[in-house]
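**Q** Structure provided below as structure tokens; questions to follow.
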Amino acid sequence: MAQRLAKFMARTGVCSRREAEAYILQGRVSVNGKIIETPAFNVEGDEVIAFDGEKLKAAEQTRLWLYYKPTGLVTTHKDEKGRQTVFDALPPSMPRVVSVGRLDLNSEGLLLLTNNGELSRELELPKNAWSRRYRVRVHGRVDEDKLNDLQDGVSIDGVSYGKVLIDVEQKVGTNTWLCVSLSEGKNREIRKLMKFIGLEVARLIRVSYGPFQLGSLKKGEVREVPFKVLKEQLGGRFKL
């Protein structure tokens with residue numbers, strides 16, 4: 001069955017569909033030895049499809065992993081500044097995977113990894129409203145009225161941020177632990193929201209993404225979600 005070249009590439013886990021479209025425009029993808037110049041190109045899947053000269057393998061069964069990302073790693077396959085990436089730190093036994101969204105350099109916690117770029121895209125889409133929950137330690141005076149204002153959504157520097165749920169968990173001196181839940185996850189959203197109300201984020205840990213939990217994972221540990229569980233959680237939303 002014919003499908004877009006970028007979709008085929010994402011399905012193999014080499015990259016996301018958006019990245020695949022960019023790679024095609026950069027002239028890095030060939031089909032049967034011919035460089036393809038437009039993402040509007042269909043393939044059947046039995047062609048010789050190569051990315052940067054390397055033949056892509058056929059798509060495998062969709063898999064998903066939970067990974068406890070430590071701080072100090074960037075969530076990208078290649079960093080222009082030469083910093084260590086999440087993918088550099090994964091066990092050698094891991095297949096090629098893409099991340100579901102990102103965690104910034106100084107954030108830690110649950111990062112979902114998959115060998116299916118189409119699944120990654122599906123889980124990231126704001127319209128699907130997958131809740132992300134974080135434990136956040138902030139420094140400064142917590143004004144609960146200002147926290148309540150954030151929960152209704154605000155605009156910061158021309159960027160609109162939707163509703164968030166914020167609960168105060170624990171206060172110790174000038175440090176406070178908050179539980180923050182949001183469903184979109186714009187770039188550095190929580191840090192920007194906290195700064196907007198005069199708080200400095202000292203630590204940020206993602207503890208869940210949709211139904212998937214960080215649980216007892218230790219920093220740097222990776223654990224595969226059993227296919228049965230994956231099917232139970234995603235079967236109605238995504239064709240596995």
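Going by the structure tokens order, chains are called A, B, ..., each with residues numbered from 1, while ligands are numbered from 1 in the order shown.
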Write out as a PyMOL selection string all residues of segment 9-119 of chain A that DSSP puts in alpha helix (DSSP H) for this structure's backbone.

**A** chain A and resi 9-11+17-25+86-89+117-119

**Q** Since we have the selection now, will you write its residues out, keeping N, CA and C atoms, as a short mmCIF file (atom, residue, chain, number, x, y, z; two decimals), in the first residue's frame?

**A**
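Ended up saving to result-v9.cif:
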data_model
loop_
_atom_site.label_atom_id
_atom_site.label_comp_id
_atom_site.auth_asym_id
_atom_site.auth_seq_id
_atom_site.Cartn_x
_atom_site.Cartn_y
_atom_site.Cartn_z
N MET A 9 9.61 6.58 6.67
CA MET A 9 10.83 6.79 7.44
C MET A 9 10.54 6.86 8.93
N ALA A 10 9.47 7.58 9.30
CA ALA A 10 9.11 7.70 10.71
C ALA A 10 8.74 6.34 11.29
N ARG A 11 8.06 5.55 10.50
CA ARG A 11 7.62 4.24 10.98
C ARG A 11 8.79 3.31 11.27
N ARG A 17 8.31 12.18 11.65
CA ARG A 17 7.87 12.51 10.30
C ARG A 17 8.32 13.93 9.93
N ARG A 18 8.24 14.85 10.84
CA ARG A 18 8.67 16.23 10.57
C ARG A 18 10.15 16.28 10.22
N GLU A 19 10.97 15.52 10.97
CA GLU A 19 12.40 15.47 10.66
C GLU A 19 12.63 14.83 9.30
N ALA A 20 11.86 13.78 8.99
CA ALA A 20 12.01 13.10 7.71
C ALA A 20 11.74 14.06 6.56
N GLU A 21 10.70 14.88 6.69
CA GLU A 21 10.39 15.85 5.65
C GLU A 21 11.54 16.81 5.43
N ALA A 22 12.17 17.24 6.53
CA ALA A 22 13.32 18.15 6.43
C ALA A 22 14.50 17.45 5.77
N TYR A 23 14.75 16.19 6.13
CA TYR A 23 15.87 15.45 5.55
C TYR A 23 15.68 15.26 4.04
N ILE A 24 14.43 15.02 3.64
CA ILE A 24 14.15 14.84 2.21
C ILE A 24 14.47 16.13 1.46
N LEU A 25 14.04 17.25 2.01
CA LEU A 25 14.29 18.56 1.37
C LEU A 25 15.79 18.86 1.32
N VAL A 86 20.82 12.28 25.03
CA VAL A 86 20.08 11.15 25.60
C VAL A 86 20.44 9.86 24.87
N PHE A 87 20.55 9.95 23.54
CA PHE A 87 20.77 8.75 22.74
C PHE A 87 22.20 8.23 22.87
N ASP A 88 23.13 9.11 23.20
CA ASP A 88 24.50 8.67 23.50
C ASP A 88 24.53 7.81 24.76
N ALA A 89 23.63 8.12 25.69
CA ALA A 89 23.66 7.48 27.01
C ALA A 89 22.86 6.19 27.09
N GLY A 117 8.28 6.59 14.79
CA GLY A 117 8.15 8.04 14.77
C GLY A 117 6.72 8.52 14.63
N GLU A 118 5.86 7.70 14.03
CA GLU A 118 4.45 8.07 13.91
C GLU A 118 3.78 8.05 15.28
N LEU A 119 4.14 7.08 16.11
CA LEU A 119 3.60 7.03 17.47
C LEU A 119 4.09 8.24 18.26
#

**Q** At a cut-off of 10 Å, using only C-alpha atoms, what residues contact Phe227 of chain A? Leave out same-chain residues fewer than 5 positions from it and give the result as a list in words.

**A**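 In the requested form, the answer reads Gln61, Thr62, Arg63, Leu64, Glu232, Gln233 and Leu240 of chain A.
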
**Q** Only all heavy atoms, please: the residues just picked out, written as a PDB file, in the first residue's frame.

**A**
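So again18.pdb came out as:
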ATOM      1  N   GLN A  61       7.670  -4.229  14.791  1.00  0.00           N
ATOM      2  CA  GLN A  61       6.546  -4.038  15.707  1.00  0.00           C
ATOM      3  C   GLN A  61       6.811  -2.819  16.579  1.00  0.00           C
ATOM      4  O   GLN A  61       7.922  -2.603  17.060  1.00  0.00           O
ATOM      5  CB  GLN A  61       6.381  -5.273  16.597  1.00  0.00           C
ATOM      6  CG  GLN A  61       5.275  -5.141  17.641  1.00  0.00           C
ATOM      7  CD  GLN A  61       5.086  -6.397  18.446  1.00  0.00           C
ATOM      8  OE1 GLN A  61       4.484  -7.353  17.988  1.00  0.00           O
ATOM      9  NE2 GLN A  61       5.609  -6.407  19.667  1.00  0.00           N
ATOM     10  N   THR A  62       5.792  -2.017  16.794  1.00  0.00           N
ATOM     11  CA  THR A  62       5.927  -0.803  17.601  1.00  0.00           C
ATOM     12  C   THR A  62       6.294  -1.149  19.034  1.00  0.00           C
ATOM     13  O   THR A  62       5.696  -2.029  19.660  1.00  0.00           O
ATOM     14  CB  THR A  62       4.609  -0.007  17.588  1.00  0.00           C
ATOM     15  OG1 THR A  62       4.350   0.431  16.254  1.00  0.00           O
ATOM     16  CG2 THR A  62       4.694   1.202  18.501  1.00  0.00           C
ATOM     17  N   ARG A  63       7.293  -0.440  19.539  1.00  0.00           N
ATOM     18  CA  ARG A  63       7.747  -0.646  20.916  1.00  0.00           C
ATOM     19  C   ARG A  63       7.868   0.707  21.609  1.00  0.00           C
ATOM     20  O   ARG A  63       8.065   1.736  20.962  1.00  0.00           O
ATOM     21  CB  ARG A  63       9.105  -1.379  20.926  1.00  0.00           C
ATOM     22  CG  ARG A  63       9.056  -2.732  20.261  1.00  0.00           C
ATOM     23  CD  ARG A  63      10.447  -3.303  20.006  1.00  0.00           C
ATOM     24  NE  ARG A  63      11.119  -3.716  21.241  1.00  0.00           N
ATOM     25  CZ  ARG A  63      12.379  -4.150  21.289  1.00  0.00           C
ATOM     26  NH1 ARG A  63      13.107  -4.207  20.187  1.00  0.00           N
ATOM     27  NH2 ARG A  63      12.923  -4.513  22.440  1.00  0.00           N
ATOM     28  N   LEU A  64       7.771   0.682  22.939  1.00  0.00           N
ATOM     29  CA  LEU A  64       7.860   1.914  23.722  1.00  0.00           C
ATOM     30  C   LEU A  64       8.668   1.628  24.984  1.00  0.00           C
ATOM     31  O   LEU A  64       8.500   0.583  25.611  1.00  0.00           O
ATOM     32  CB  LEU A  64       6.454   2.405  24.099  1.00  0.00           C
ATOM     33  CG  LEU A  64       6.370   3.759  24.818  1.00  0.00           C
ATOM     34  CD1 LEU A  64       6.609   4.905  23.833  1.00  0.00           C
ATOM     35  CD2 LEU A  64       5.006   3.937  25.489  1.00  0.00           C
ATOM     36  N   GLU A 232      -3.122  -2.088  25.443  1.00  0.00           N
ATOM     37  CA  GLU A 232      -4.230  -1.703  26.313  1.00  0.00           C
ATOM     38  C   GLU A 232      -4.365  -0.184  26.406  1.00  0.00           C
ATOM     39  O   GLU A 232      -5.466   0.365  26.414  1.00  0.00           O
ATOM     40  CB  GLU A 232      -4.032  -2.292  27.714  1.00  0.00           C
ATOM     41  CG  GLU A 232      -4.215  -3.794  27.787  1.00  0.00           C
ATOM     42  CD  GLU A 232      -3.816  -4.357  29.137  1.00  0.00           C
ATOM     43  OE1 GLU A 232      -3.259  -3.585  29.968  1.00  0.00           O
ATOM     44  OE2 GLU A 232      -4.045  -5.555  29.381  1.00  0.00           O
ATOM     45  N   GLN A 233      -3.218   0.497  26.475  1.00  0.00           N
ATOM     46  CA  GLN A 233      -3.226   1.946  26.664  1.00  0.00           C
ATOM     47  C   GLN A 233      -3.446   2.716  25.364  1.00  0.00           C
ATOM     48  O   GLN A 233      -4.019   3.804  25.379  1.00  0.00           O
ATOM     49  CB  GLN A 233      -1.905   2.393  27.302  1.00  0.00           C
ATOM     50  CG  GLN A 233      -1.652   1.832  28.689  1.00  0.00           C
ATOM     51  CD  GLN A 233      -2.657   2.323  29.720  1.00  0.00           C
ATOM     52  OE1 GLN A 233      -3.363   3.299  29.520  1.00  0.00           O
ATOM     53  NE2 GLN A 233      -2.736   1.630  30.841  1.00  0.00           N
ATOM     54  N   LEU A 240      -1.377  -0.128  16.231  1.00  0.00           N
ATOM     55  CA  LEU A 240      -0.051  -0.661  16.541  1.00  0.00           C
ATOM     56  C   LEU A 240       0.348  -1.740  15.541  1.00  0.00           C
ATOM     57  O   LEU A 240      -0.492  -2.344  14.891  1.00  0.00           O
ATOM     58  CB  LEU A 240      -0.046  -1.236  17.958  1.00  0.00           C
ATOM     59  CG  LEU A 240      -0.297  -0.207  19.071  1.00  0.00           C
ATOM     60  CD1 LEU A 240      -0.480  -0.896  20.395  1.00  0.00           C
ATOM     61  CD2 LEU A 240       0.864   0.788  19.154  1.00  0.00           C
TER      62      LEU A 240
END

**Q** Can you write out as a tab-separated table which residues of segment 153-191 of chain A fall within 12 Å of segment 106-115 of chain A, alongside each residue's closest atom pair and its distance in Å to one decimal, counting only C-alpha atoms and ordering rows by chain and ascending residue number?

**A**
residue	atom	partner	partner_atom	distance
A:Asn187	CA	A:Ser107	CA	11.9
A:Arg188	CA	A:Ser107	CA	9.4
A:Glu189	CA	A:Ser107	CA	11.8
A:Ile190	CA	A:Ser107	CA	10.6
A:Arg191	CA	A:Ser107	CA	10.0

**Q** Take atom CA of Trp130 of chain A and atom CA of Ala59 of chain A and report the distance between them in Å, one decimal.

**A**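 Computing it gives 25.4 Å between the two atoms.
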
**Q** For atom CA of Lys7 of chain A and atom CA of Ala129 of chain A, quote the distance in Å rounded to one decimal.

**A**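 Those two atoms sit 22.4 Å apart.
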